[in-house]
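Trainee: This is the structure I want to talk about, given as structure tokens.
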Amino acid sequence: MQQKRLQNIVTTSSFLLPVAAVLCALIWIYANPTYELTHWIGLVFCTICTAFMVELNNTNMLIRVRTRMVGTTLLVLWTSCGFLHPFQTAHFAILCLLICYHALMYIYQQNHNTGTTFFIYACIGGISMIIQPLCILALAFFFVLGYFRALSFKSFLAGLIGFFLPFWLVFSSCFLIDKTDLIIQYVSDYSQWIPFQYHTVNSHHVAAFTLLLLIVIPSVMHFIRNNFQDKIKVRMFFYFILWMELVLTLGIIVLPHHFQEFYLLLVMNSSPLIAHFLTLSNNKFSNYFFITIVMLIAALTIYTLWMPSFNFF
């Protein structure tokens with residue numbers, strides 16, 4: 001019998017998510033003294049996405065033991081970043097991507113499920129219209145569908161049709177109301193992706209991204225060393241998460257002016273990986289690491305909410 005450490009007591013507690021939800025709600029309220037509507041809408045999106053993460057874990061048993069750590073990780077990391085509190089386009093993106101994750105687990109090894117593939121790509125097309133650089137997710141998901149043995153010629157065509165459906169609907173509407181100039185302007189924006197604009201990055205962004213990397217790196221190492229204990233379907237899903245980690249991190253590095261969109265998606269994508277590490281590891285290092293991370297997240301919350309930022313470059 002292994003000794004049950006503070007880390008394991010907290011991560012497997014049935015009170016973890018309710019306590020975290022109350023604390024995070026108090027932080028959102030205290031950080032919004034003027035009661036701005038955009039912050040309340042952001043809180044609603046945060047709550048919905050946390051519930052989706054909890055359901056994703058419950059449905060697919062991503063963690064081998066009973067825990068609410070997957071949803072709690074997203075909730076805490078989201079709350080700790082004050083720049084993610086006001087409502088923004090990234091909130092639509094994370095919700096759509098979470099829906100895609102649920103659907104992806106459903107079509108595992110089902111290469112004839114064209115309806116679900118169409119739905120996944122319709123969601124990706126929708127968020128690509130709002131946040132143009134996220135169209136790269138379409139290529140990432142085709143790769144993953146092949147890895148999940150869920151890609152066939154029919155599902156490939158269904159994905160293409162689903163991806164272009166939102167564009168077709170919007171562009172057709174613009175044409176009907178004689179607003180073709182909006183179409184031309186939108187298409188021209190795709191040719192104006194200027195990479196490496198780091199002047200938009202501030203100290204809050206750097207602090208949040210550095211802390212996330214500090215947590216994710218040992219989480220990746222833990223998964224690679226211990227993934228043989230997981231079911232094949234769960235293992236393949238976590239490898240998909242690793243693939244998305246790379247895509248989203250490159251998005252932050254190459255297009256830093258879209259930092260908040262890519263970072264919020266990276267937080268969501270990293271949450272199962274971090275929860276897997278903090279819940280299933282049991283040694284002195286992981287216990288001390290857990291305590292350190294909790295303190296650093298508390299410090300990040302104070303810094304991003306109540307201390308001014310400055311441009312990093």
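A note on labels: chains of the structure tokens are A, B, ... as shown, every chain counts residues from 1, and ligands are counted from 1 in their shown order.
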Please provide as a list of chain:residue names all residues within 12 Å of Met307 (chain A), with the sequence filter that same-chain residues fewer than 4 positions apart are discarded (counting only C-alpha atoms).

Mentor: A:Ala31, A:Cys81, A:Gly82, A:Phe83, A:Ser203, A:His204, A:Ala299, A:Leu300, A:Thr301, A:Ile302, A:Tyr303

Trainee: Would you export the selected residues with C-alpha atoms as a PDB file, in the first residue's frame, please?

Mentor:
```pdb
ATOM      1  CA  ALA A  31     -12.352  40.941  -9.537  1.00  0.00           C
ATOM      2  CA  CYS A  81      -5.881  34.613 -15.723  1.00  0.00           C
ATOM      3  CA  GLY A  82      -7.696  37.916 -15.376  1.00  0.00           C
ATOM      4  CA  PHE A  83      -7.308  38.671 -19.073  1.00  0.00           C
ATOM      5  CA  SER A 203       3.810  40.412 -18.689  1.00  0.00           C
ATOM      6  CA  HIS A 204       0.504  38.768 -17.738  1.00  0.00           C
ATOM      7  CA  ALA A 299       0.355  34.155  -7.100  1.00  0.00           C
ATOM      8  CA  LEU A 300      -0.576  34.266 -10.799  1.00  0.00           C
ATOM      9  CA  THR A 301      -4.197  35.009  -9.891  1.00  0.00           C
ATOM     10  CA  ILE A 302      -3.183  37.960  -7.740  1.00  0.00           C
ATOM     11  CA  TYR A 303      -0.762  39.225 -10.368  1.00  0.00           C
TER      12      TYR A 303
END
```

Trainee: Please provide as a list of chain:residue names all residues within 9 Å of Ile297 (chain A), with the sequence filter that same-chain residues fewer than 3 positions apart are discarded (counting only C-alpha atoms).

Mentor: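 Residues meeting the cut-off are A:Val76, A:Leu77, A:Ser80, A:Ala208, A:Leu211, A:Thr292, A:Ile293, A:Val294, A:Leu300, A:Thr301, A:Ile302.
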
Trainee: Dump N, CA, C and O atoms for the selected residues as an mmCIF file, in the first residue's frame?

Mentor:
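File produced: part_37.cif:
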```cif
data_model
loop_
_atom_site.group_PDB
_atom_site.id
_atom_site.type_symbol
_atom_site.label_atom_id
_atom_site.label_comp_id
_atom_site.auth_asym_id
_atom_site.auth_seq_id
_atom_site.Cartn_x
_atom_site.Cartn_y
_atom_site.Cartn_z
ATOM 1 N N VAL A 76 -9.719 26.317 -12.561
ATOM 2 C CA VAL A 76 -8.720 27.066 -11.787
ATOM 3 C C VAL A 76 -7.777 27.835 -12.700
ATOM 4 O O VAL A 76 -7.486 29.023 -12.459
ATOM 5 N N LEU A 77 -7.289 27.187 -13.762
ATOM 6 C CA LEU A 77 -6.358 27.869 -14.662
ATOM 7 C C LEU A 77 -7.038 29.015 -15.407
ATOM 8 O O LEU A 77 -6.417 30.055 -15.658
ATOM 9 N N SER A 80 -7.474 31.910 -12.922
ATOM 10 C CA SER A 80 -6.217 32.550 -12.516
ATOM 11 C C SER A 80 -5.741 33.613 -13.494
ATOM 12 O O SER A 80 -4.862 34.410 -13.157
ATOM 13 N N ALA A 208 1.529 33.684 -17.379
ATOM 14 C CA ALA A 208 0.561 32.589 -17.500
ATOM 15 C C ALA A 208 1.106 31.469 -18.379
ATOM 16 O O ALA A 208 0.998 30.282 -18.032
ATOM 17 N N LEU A 211 3.967 29.536 -16.579
ATOM 18 C CA LEU A 211 3.459 28.635 -15.544
ATOM 19 C C LEU A 211 2.803 27.406 -16.167
ATOM 20 O O LEU A 211 2.997 26.275 -15.682
ATOM 21 N N THR A 292 3.647 23.352 -4.690
ATOM 22 C CA THR A 292 4.284 24.506 -5.337
ATOM 23 C C THR A 292 3.395 25.096 -6.419
ATOM 24 O O THR A 292 3.251 26.324 -6.529
ATOM 25 N N ILE A 293 2.781 24.228 -7.202
ATOM 26 C CA ILE A 293 1.919 24.693 -8.283
ATOM 27 C C ILE A 293 0.709 25.437 -7.733
ATOM 28 O O ILE A 293 0.303 26.478 -8.279
ATOM 29 N N VAL A 294 0.128 24.947 -6.657
ATOM 30 C CA VAL A 294 -1.015 25.635 -6.047
ATOM 31 C C VAL A 294 -0.620 27.047 -5.618
ATOM 32 O O VAL A 294 -1.354 28.023 -5.859
ATOM 33 N N LEU A 300 -0.200 33.826 -9.451
ATOM 34 C CA LEU A 300 -0.576 34.266 -10.799
ATOM 35 C C LEU A 300 -1.936 34.948 -10.779
ATOM 36 O O LEU A 300 -2.142 35.962 -11.465
ATOM 37 N N THR A 301 -2.862 34.415 -9.993
ATOM 38 C CA THR A 301 -4.197 35.009 -9.891
ATOM 39 C C THR A 301 -4.113 36.436 -9.369
ATOM 40 O O THR A 301 -4.725 37.356 -9.923
ATOM 41 N N ILE A 302 -3.344 36.614 -8.318
ATOM 42 C CA ILE A 302 -3.183 37.960 -7.740
ATOM 43 C C ILE A 302 -2.522 38.898 -8.746
ATOM 44 O O ILE A 302 -2.934 40.054 -8.911
#
```

Trainee: As JSON, numbers by chain, please: the residues near Gly42 (chain A) (cut-off 10 Å, only C-alpha atoms, same-chain neighbours under 2 positions excluded).

Mentor: {"A": [28, 37, 38, 39, 40, 44, 45, 46, 47, 48, 84, 85, 86, 87, 88, 91]}

Trainee: Those same residues, written as an mmCIF file, in the first residue's frame with N, CA, C and O atoms?

Mentor:
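Dumped everything to result.cif:
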```
data_model
loop_
_atom_site.group_PDB
_atom_site.id
_atom_site.type_symbol
_atom_site.label_atom_id
_atom_site.label_comp_id
_atom_site.auth_asym_id
_atom_site.auth_seq_id
_atom_site.Cartn_x
_atom_site.Cartn_y
_atom_site.Cartn_z
ATOM 1 N N TRP A 28 -14.046 35.680 -9.261
ATOM 2 C CA TRP A 28 -14.668 36.380 -10.395
ATOM 3 C C TRP A 28 -15.489 37.571 -9.893
ATOM 4 O O TRP A 28 -15.466 38.646 -10.500
ATOM 5 N N LEU A 37 -21.065 43.367 -17.497
ATOM 6 C CA LEU A 37 -21.788 42.231 -18.059
ATOM 7 C C LEU A 37 -20.858 41.254 -18.750
ATOM 8 O O LEU A 37 -21.085 40.033 -18.703
ATOM 9 N N THR A 38 -19.815 41.763 -19.405
ATOM 10 C CA THR A 38 -18.906 40.880 -20.136
ATOM 11 C C THR A 38 -18.246 39.858 -19.215
ATOM 12 O O THR A 38 -17.989 38.723 -19.622
ATOM 13 N N HIS A 39 -17.967 40.252 -17.968
ATOM 14 C CA HIS A 39 -17.362 39.323 -17.011
ATOM 15 C C HIS A 39 -18.348 38.224 -16.606
ATOM 16 O O HIS A 39 -17.958 37.066 -16.423
ATOM 17 N N TRP A 40 -19.622 38.592 -16.454
ATOM 18 C CA TRP A 40 -20.614 37.579 -16.080
ATOM 19 C C TRP A 40 -20.828 36.589 -17.221
ATOM 20 O O TRP A 40 -20.994 35.383 -16.983
ATOM 21 N N VAL A 44 -20.201 32.498 -17.212
ATOM 22 C CA VAL A 44 -21.156 31.487 -17.707
ATOM 23 C C VAL A 44 -20.450 30.519 -18.643
ATOM 24 O O VAL A 44 -20.618 29.291 -18.540
ATOM 25 N N PHE A 45 -19.646 31.048 -19.564
ATOM 26 C CA PHE A 45 -18.908 30.185 -20.484
ATOM 27 C C PHE A 45 -17.924 29.299 -19.724
ATOM 28 O O PHE A 45 -17.769 28.114 -20.048
ATOM 29 N N CYS A 46 -17.264 29.859 -18.725
ATOM 30 C CA CYS A 46 -16.323 29.074 -17.920
ATOM 31 C C CYS A 46 -17.037 27.925 -17.212
ATOM 32 O O CYS A 46 -16.537 26.799 -17.168
ATOM 33 N N THR A 47 -18.215 28.197 -16.680
ATOM 34 C CA THR A 47 -18.992 27.167 -15.981
ATOM 35 C C THR A 47 -19.429 26.063 -16.940
ATOM 36 O O THR A 47 -19.312 24.867 -16.628
ATOM 37 N N ILE A 48 -19.922 26.457 -18.113
ATOM 38 C CA ILE A 48 -20.377 25.471 -19.093
ATOM 39 C C ILE A 48 -19.216 24.589 -19.554
ATOM 40 O O ILE A 48 -19.339 23.358 -19.644
ATOM 41 N N LEU A 84 -8.583 36.583 -19.232
ATOM 42 C CA LEU A 84 -9.538 35.657 -19.848
ATOM 43 C C LEU A 84 -10.942 35.812 -19.287
ATOM 44 O O LEU A 84 -11.864 35.123 -19.728
ATOM 45 N N HIS A 85 -11.140 36.693 -18.303
ATOM 46 C CA HIS A 85 -12.455 36.834 -17.668
ATOM 47 C C HIS A 85 -13.492 37.517 -18.564
ATOM 48 O O HIS A 85 -14.602 37.004 -18.684
ATOM 49 N N PRO A 86 -13.187 38.661 -19.185
ATOM 50 C CA PRO A 86 -14.217 39.293 -20.028
ATOM 51 C C PRO A 86 -14.573 38.421 -21.225
ATOM 52 O O PRO A 86 -13.726 37.699 -21.756
ATOM 53 N N PHE A 87 -15.829 38.506 -21.641
ATOM 54 C CA PHE A 87 -16.283 37.721 -22.790
ATOM 55 C C PHE A 87 -15.488 38.098 -24.036
ATOM 56 O O PHE A 87 -15.238 39.272 -24.300
ATOM 57 N N GLN A 88 -15.071 37.085 -24.802
ATOM 58 C CA GLN A 88 -14.287 37.292 -26.016
ATOM 59 C C GLN A 88 -14.525 36.125 -26.964
ATOM 60 O O GLN A 88 -15.132 35.106 -26.595
ATOM 61 N N HIS A 91 -13.958 32.382 -26.138
ATOM 62 C CA HIS A 91 -14.921 31.605 -25.366
ATOM 63 C C HIS A 91 -15.784 30.740 -26.281
ATOM 64 O O HIS A 91 -16.116 29.600 -25.943
#
```

Trainee: Please report, as a Markdown table, each residue of region 207-294 of chain A lying at most 12 Å from region 56-66 of chain A, together with the nearest pair of atoms and the separation in Å rounded to one decimal; use only C-alpha atoms, and order rows by chain and ascending residue number.

Mentor:
```
| residue | atom | partner | partner_atom | distance |
| --- | --- | --- | --- | --- |
| A:Phe223 | CA | A:Ile63 | CA | 11.3 |
| A:Asn226 | CA | A:Arg64 | CA | 11.9 |
| A:Asn227 | CA | A:Ile63 | CA | 11.0 |
| A:Gln229 | CA | A:Arg64 | CA | 8.8 |
| A:Asp230 | CA | A:Arg64 | CA | 7.3 |
| A:Lys231 | CA | A:Leu62 | CA | 8.9 |
| A:Ile232 | CA | A:Leu62 | CA | 10.9 |
| A:Lys233 | CA | A:Asn60 | CA | 8.7 |
| A:Val234 | CA | A:Leu62 | CA | 5.9 |
| A:Arg235 | CA | A:Leu62 | CA | 8.6 |
| A:Met236 | CA | A:Leu62 | CA | 10.7 |
| A:Phe237 | CA | A:Leu62 | CA | 8.6 |
| A:Phe238 | CA | A:Leu62 | CA | 8.5 |
| A:Ile241 | CA | A:Leu62 | CA | 11.7 |
| A:Met268 | CA | A:Leu56 | CA | 11.8 |
| A:Asn269 | CA | A:Leu56 | CA | 11.9 |
| A:Ser271 | CA | A:Asn57 | CA | 10.7 |
| A:Pro272 | CA | A:Leu62 | CA | 7.4 |
| A:Leu273 | CA | A:Leu62 | CA | 9.3 |
| A:Ile274 | CA | A:Ile63 | CA | 10.7 |
| A:Ala275 | CA | A:Ile63 | CA | 7.8 |
| A:His276 | CA | A:Ile63 | CA | 5.9 |
| A:Phe277 | CA | A:Ile63 | CA | 9.4 |
| A:Leu278 | CA | A:Ile63 | CA | 10.4 |
| A:Thr279 | CA | A:Ile63 | CA | 7.8 |
| A:Leu280 | CA | A:Ile63 | CA | 7.9 |
| A:Ser281 | CA | A:Ile63 | CA | 11.5 |
```

Trainee: Save out the residues we just selected, N, CA, C and O atoms, as a tab-separated table (two decimals), in the first residue's frame.

Mentor:
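Saved the output as part.tsv:
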```
chain	number	residue	atom	x	y	z
A	223	PHE	N	3.04	10.99	-18.40
A	223	PHE	CA	2.17	10.19	-19.26
A	223	PHE	C	2.98	9.24	-20.14
A	223	PHE	O	2.62	8.07	-20.29
A	226	ASN	N	4.05	6.25	-18.11
A	226	ASN	CA	3.03	5.42	-17.45
A	226	ASN	C	1.79	5.16	-18.30
A	226	ASN	O	0.81	4.62	-17.78
A	227	ASN	N	1.82	5.49	-19.59
A	227	ASN	CA	0.60	5.36	-20.39
A	227	ASN	C	0.20	3.91	-20.63
A	227	ASN	O	-0.93	3.64	-21.01
A	229	GLN	N	-0.56	1.81	-18.61
A	229	GLN	CA	-1.60	1.41	-17.65
A	229	GLN	C	-3.00	1.85	-18.09
A	229	GLN	O	-3.99	1.41	-17.51
A	230	ASP	N	-3.07	2.72	-19.08
A	230	ASP	CA	-4.37	3.21	-19.55
A	230	ASP	C	-4.93	2.30	-20.64
A	230	ASP	O	-4.18	1.57	-21.30
A	231	LYS	N	-6.23	2.39	-20.85
A	231	LYS	CA	-6.87	1.66	-21.94
A	231	LYS	C	-6.40	2.24	-23.28
A	231	LYS	O	-5.99	3.39	-23.36
A	232	ILE	N	-6.47	1.42	-24.32
A	232	ILE	CA	-5.96	1.84	-25.62
A	232	ILE	C	-6.67	3.09	-26.12
A	232	ILE	O	-6.04	4.03	-26.62
A	233	LYS	N	-7.99	3.14	-25.98
A	233	LYS	CA	-8.76	4.30	-26.45
A	233	LYS	C	-8.34	5.56	-25.71
A	233	LYS	O	-8.13	6.62	-26.32
A	234	VAL	N	-8.18	5.46	-24.39
A	234	VAL	CA	-7.76	6.61	-23.58
A	234	VAL	C	-6.34	7.01	-23.94
A	234	VAL	O	-6.01	8.20	-24.05
A	235	ARG	N	-5.48	6.02	-24.14
A	235	ARG	CA	-4.09	6.31	-24.50
A	235	ARG	C	-4.02	7.06	-25.82
A	235	ARG	O	-3.26	8.02	-25.96
A	236	MET	N	-4.81	6.64	-26.80
A	236	MET	CA	-4.81	7.31	-28.09
A	236	MET	C	-5.36	8.72	-27.97
A	236	MET	O	-4.88	9.64	-28.66
A	237	PHE	N	-6.34	8.92	-27.11
A	237	PHE	CA	-6.86	10.27	-26.90
A	237	PHE	C	-5.80	11.19	-26.31
A	237	PHE	O	-5.67	12.35	-26.70
A	238	PHE	N	-5.02	10.67	-25.37
A	238	PHE	CA	-3.96	11.49	-24.78
A	238	PHE	C	-2.85	11.79	-25.80
A	238	PHE	O	-2.25	12.87	-25.76
A	241	ILE	N	-4.07	14.63	-27.58
A	241	ILE	CA	-3.85	15.84	-26.78
A	241	ILE	C	-2.42	16.35	-26.93
A	241	ILE	O	-2.18	17.56	-27.06
A	268	MET	N	-7.42	24.45	-21.98
A	268	MET	CA	-8.43	23.38	-22.05
A	268	MET	C	-7.81	22.06	-22.47
A	268	MET	O	-8.07	21.01	-21.88
A	269	ASN	N	-6.95	22.11	-23.49
A	269	ASN	CA	-6.33	20.89	-23.99
A	269	ASN	C	-5.39	20.27	-22.97
A	269	ASN	O	-5.25	19.04	-22.89
A	271	SER	N	-5.64	20.44	-19.66
A	271	SER	CA	-6.28	20.06	-18.39
A	271	SER	C	-6.33	18.55	-18.15
A	271	SER	O	-6.00	18.09	-17.05
A	272	PRO	N	-6.76	17.72	-19.13
A	272	PRO	CA	-6.73	16.27	-18.87
A	272	PRO	C	-5.33	15.74	-18.62
A	272	PRO	O	-5.14	14.85	-17.77
A	273	LEU	N	-4.34	16.28	-19.31
A	273	LEU	CA	-2.96	15.83	-19.15
A	273	LEU	C	-2.43	16.18	-17.76
A	273	LEU	O	-1.80	15.36	-17.09
A	274	ILE	N	-2.71	17.41	-17.31
A	274	ILE	CA	-2.28	17.83	-15.97
A	274	ILE	C	-3.00	17.02	-14.90
A	274	ILE	O	-2.39	16.59	-13.91
A	275	ALA	N	-4.31	16.82	-15.09
A	275	ALA	CA	-5.08	16.05	-14.12
A	275	ALA	C	-4.58	14.61	-14.03
A	275	ALA	O	-4.53	14.01	-12.95
A	276	HIS	N	-4.21	14.05	-15.17
A	276	HIS	CA	-3.67	12.68	-15.21
A	276	HIS	C	-2.40	12.58	-14.36
A	276	HIS	O	-2.23	11.63	-13.59
A	277	PHE	N	-1.54	13.57	-14.47
A	277	PHE	CA	-0.29	13.57	-13.72
A	277	PHE	C	-0.52	13.78	-12.23
A	277	PHE	O	-0.05	13.00	-11.38
A	278	LEU	N	-1.27	14.82	-11.86
A	278	LEU	CA	-1.44	15.16	-10.46
A	278	LEU	C	-2.29	14.14	-9.70
A	278	LEU	O	-2.12	13.97	-8.50
A	279	THR	N	-3.17	13.44	-10.40
A	279	THR	CA	-4.04	12.47	-9.73
A	279	THR	C	-3.36	11.11	-9.57
A	279	THR	O	-3.49	10.47	-8.53
A	280	LEU	N	-2.63	10.67	-10.60
A	280	LEU	CA	-2.12	9.31	-10.60
A	280	LEU	C	-0.68	9.17	-10.11
A	280	LEU	O	-0.23	8.06	-9.86
A	281	SER	N	0.05	10.26	-10.01
A	281	SER	CA	1.41	10.17	-9.46
A	281	SER	C	1.34	10.14	-7.93
A	281	SER	O	0.41	10.69	-7.33
```

Trainee: Can you tell me how far CA of Trp243 (chain A) sits from CA of Val220 (chain A), in Å to one decimal?

Mentor: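 Computing the Euclidean distance for CA of Trp243 (chain A) and CA of Val220 (chain A) yields 11.3 Å.
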
Trainee: From a DSSP calculation on the backbone, collect every residue of region 18-249 of chain A in helix (DSSP H, G or I) and output the set as an MDAnalysis selection string.

Mentor: chainID A and resid 18:30 37:60 69:79 82:84 89:106 114:130 132:147 153:176 180:192 198:200 203:229 232:249

Trainee: How close does region 149-191 of chain A get to region 99-119 of chain A? List, as a tab-separated table, each residue of region 149-191 of chain A within 12 Å, its nearest atom pair and the distance in Å to one decimal, counting only C-alpha atoms.

Mentor:
```
residue	atom	partner	partner_atom	distance
A:Arg149	CA	A:Gln109	CA	4.7
A:Ala150	CA	A:Asn111	CA	3.7
A:Leu151	CA	A:Asn111	CA	5.0
A:Ser152	CA	A:Asn111	CA	5.6
A:Phe153	CA	A:Asn111	CA	8.9
A:Lys154	CA	A:Thr114	CA	6.6
A:Ser155	CA	A:Thr114	CA	4.7
A:Phe156	CA	A:Thr117	CA	8.0
A:Leu157	CA	A:Phe118	CA	8.5
A:Ala158	CA	A:Phe118	CA	4.9
A:Gly159	CA	A:Phe118	CA	4.8
A:Leu160	CA	A:Phe118	CA	7.8
A:Ile161	CA	A:Phe118	CA	7.0
A:Gly162	CA	A:Phe118	CA	4.7
A:Phe163	CA	A:Phe118	CA	7.6
A:Phe164	CA	A:Phe118	CA	10.2
A:Leu165	CA	A:Phe118	CA	9.5
A:Pro166	CA	A:Phe119	CA	11.3
```

Trainee: Restrict the selected residues to N, CA, C and O atoms and save them as a tab-separated table (two decimals), in the first residue's frame.

Mentor:
```
chain	number	residue	atom	x	y	z
A	149	ARG	N	-8.49	5.78	-36.67
A	149	ARG	CA	-9.10	4.84	-37.60
A	149	ARG	C	-10.56	5.19	-37.86
A	149	ARG	O	-11.44	4.32	-37.92
A	150	ALA	N	-10.81	6.48	-38.00
A	150	ALA	CA	-12.18	6.97	-38.22
A	150	ALA	C	-12.25	7.79	-39.49
A	150	ALA	O	-13.17	8.59	-39.66
A	151	LEU	N	-11.27	7.60	-40.40
A	151	LEU	CA	-11.23	8.40	-41.62
A	151	LEU	C	-11.38	7.50	-42.84
A	151	LEU	O	-10.66	6.52	-43.00
A	152	SER	N	-12.33	7.83	-43.66
A	152	SER	CA	-12.53	7.17	-44.94
A	152	SER	C	-12.78	8.25	-45.99
A	152	SER	O	-12.81	9.44	-45.67
A	153	PHE	N	-12.93	7.84	-47.24
A	153	PHE	CA	-13.16	8.82	-48.29
A	153	PHE	C	-14.46	9.58	-48.04
A	153	PHE	O	-14.53	10.81	-48.21
A	154	LYS	N	-15.51	8.86	-47.61
A	154	LYS	CA	-16.79	9.51	-47.34
A	154	LYS	C	-16.70	10.47	-46.16
A	154	LYS	O	-17.23	11.59	-46.21
A	155	SER	N	-16.02	10.05	-45.10
A	155	SER	CA	-15.90	10.94	-43.94
A	155	SER	C	-15.01	12.14	-44.25
A	155	SER	O	-15.22	13.23	-43.72
A	156	PHE	N	-14.02	11.94	-45.14
A	156	PHE	CA	-13.18	13.05	-45.57
A	156	PHE	C	-14.02	14.10	-46.31
A	156	PHE	O	-13.91	15.31	-46.04
A	157	LEU	N	-14.87	13.64	-47.23
A	157	LEU	CA	-15.75	14.56	-47.95
A	157	LEU	C	-16.74	15.22	-47.00
A	157	LEU	O	-17.03	16.42	-47.13
A	158	ALA	N	-17.26	14.44	-46.04
A	158	ALA	CA	-18.19	15.01	-45.06
A	158	ALA	C	-17.51	16.11	-44.24
A	158	ALA	O	-18.12	17.14	-43.93
A	159	GLY	N	-16.24	15.87	-43.90
A	159	GLY	CA	-15.50	16.88	-43.16
A	159	GLY	C	-15.30	18.16	-43.97
A	159	GLY	O	-15.47	19.27	-43.45
A	160	LEU	N	-14.96	18.02	-45.23
A	160	LEU	CA	-14.77	19.19	-46.08
A	160	LEU	C	-16.07	19.98	-46.23
A	160	LEU	O	-16.08	21.22	-46.13
A	161	ILE	N	-17.17	19.27	-46.45
A	161	ILE	CA	-18.47	19.95	-46.59
A	161	ILE	C	-18.84	20.65	-45.29
A	161	ILE	O	-19.31	21.80	-45.29
A	162	GLY	N	-18.63	19.96	-44.16
A	162	GLY	CA	-18.94	20.56	-42.87
A	162	GLY	C	-18.10	21.80	-42.59
A	162	GLY	O	-18.61	22.80	-42.06
A	163	PHE	N	-16.82	21.74	-42.96
A	163	PHE	CA	-15.93	22.88	-42.70
A	163	PHE	C	-16.36	24.11	-43.49
A	163	PHE	O	-16.36	25.23	-42.98
A	164	PHE	N	-16.72	23.92	-44.76
A	164	PHE	CA	-17.06	25.06	-45.60
A	164	PHE	C	-18.51	25.50	-45.47
A	164	PHE	O	-18.88	26.57	-46.00
A	165	LEU	N	-19.34	24.73	-44.75
A	165	LEU	CA	-20.75	25.10	-44.61
A	165	LEU	C	-20.94	26.47	-43.96
A	165	LEU	O	-21.71	27.30	-44.49
A	166	PRO	N	-20.30	26.78	-42.83
A	166	PRO	CA	-20.49	28.13	-42.24
A	166	PRO	C	-20.06	29.24	-43.18
A	166	PRO	O	-20.74	30.28	-43.26
```

Trainee: Can you list every residue of region 72-187 of chain A that has an atom at most 8 Å from region 5-27 of chain A, with its nearest atom pair and the distance in Å to one decimal, using only C-alpha atoms, ordered by chain then number, as JSON lines?

Mentor:
```
{"residue": "A:Thr72", "atom": "CA", "partner": "A:Leu17", "partner_atom": "CA", "distance": 5.6}
{"residue": "A:Leu75", "atom": "CA", "partner": "A:Cys24", "partner_atom": "CA", "distance": 7.5}
{"residue": "A:Val76", "atom": "CA", "partner": "A:Cys24", "partner_atom": "CA", "distance": 6.9}
{"residue": "A:Thr79", "atom": "CA", "partner": "A:Cys24", "partner_atom": "CA", "distance": 6.2}
```

Trainee: Keeping only C-alpha atoms, write those residues as a tab-separated table (two decimals), in the first residue's frame.

Mentor:
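Output contents, as saved in out_28.tsv:
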```
chain	number	residue	atom	x	y	z
A	72	THR	CA	-11.22	21.59	-11.75
A	75	LEU	CA	-11.71	26.07	-13.93
A	76	VAL	CA	-8.72	27.07	-11.79
A	79	THR	CA	-9.88	31.84	-13.26
```

Trainee: Between A:Ser270, A:Ile124, A:Phe240, A:Ile130, which one has atoms that come closest to Ile217 (chain A), using only C-alpha atoms?

Mentor: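 Among A:Ser270, A:Ile124, A:Phe240, A:Ile130, it is A:Ser270 that comes nearest to Ile217 (chain A).
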
Trainee: Pick from A:Gly126, A:Pro33, A:Pro256, A:Gly251: nearest to His199 (chain A), with only C-alpha atoms counted?

Mentor: A:Pro256

Trainee: So the first atom is CA of Ala298 (chain A) and the second is CA of Thr73 (chain A); what is the distance between them in Å, to one decimal place?

Mentor: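 It comes out at 13.2 Å.
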
Trainee: Which residue gives the smallest distance to Phe196 (chain A) among A:Thr304, A:Thr89, A:Leu255, A:Ser309, with only C-alpha atoms counted?

Mentor: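 Checking each candidate against Phe196 (chain A), we get A:Leu255 as the closest.
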
Trainee: Rounded to one decimal in Å, what is the spacing between CA of Tyr288 (chain A) and CA of Met69 (chain A)?

Mentor: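 Separation of CA of Tyr288 (chain A) and CA of Met69 (chain A): 17.5 Å.
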
Trainee: Which is closer to Leu250 (chain A) than all the others in A:Ile120, A:Val144, A:Leu266, A:Cys49, using only C-alpha atoms?

Mentor: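 The shortest atom-to-atom distance to Leu250 (chain A) comes from A:Leu266.
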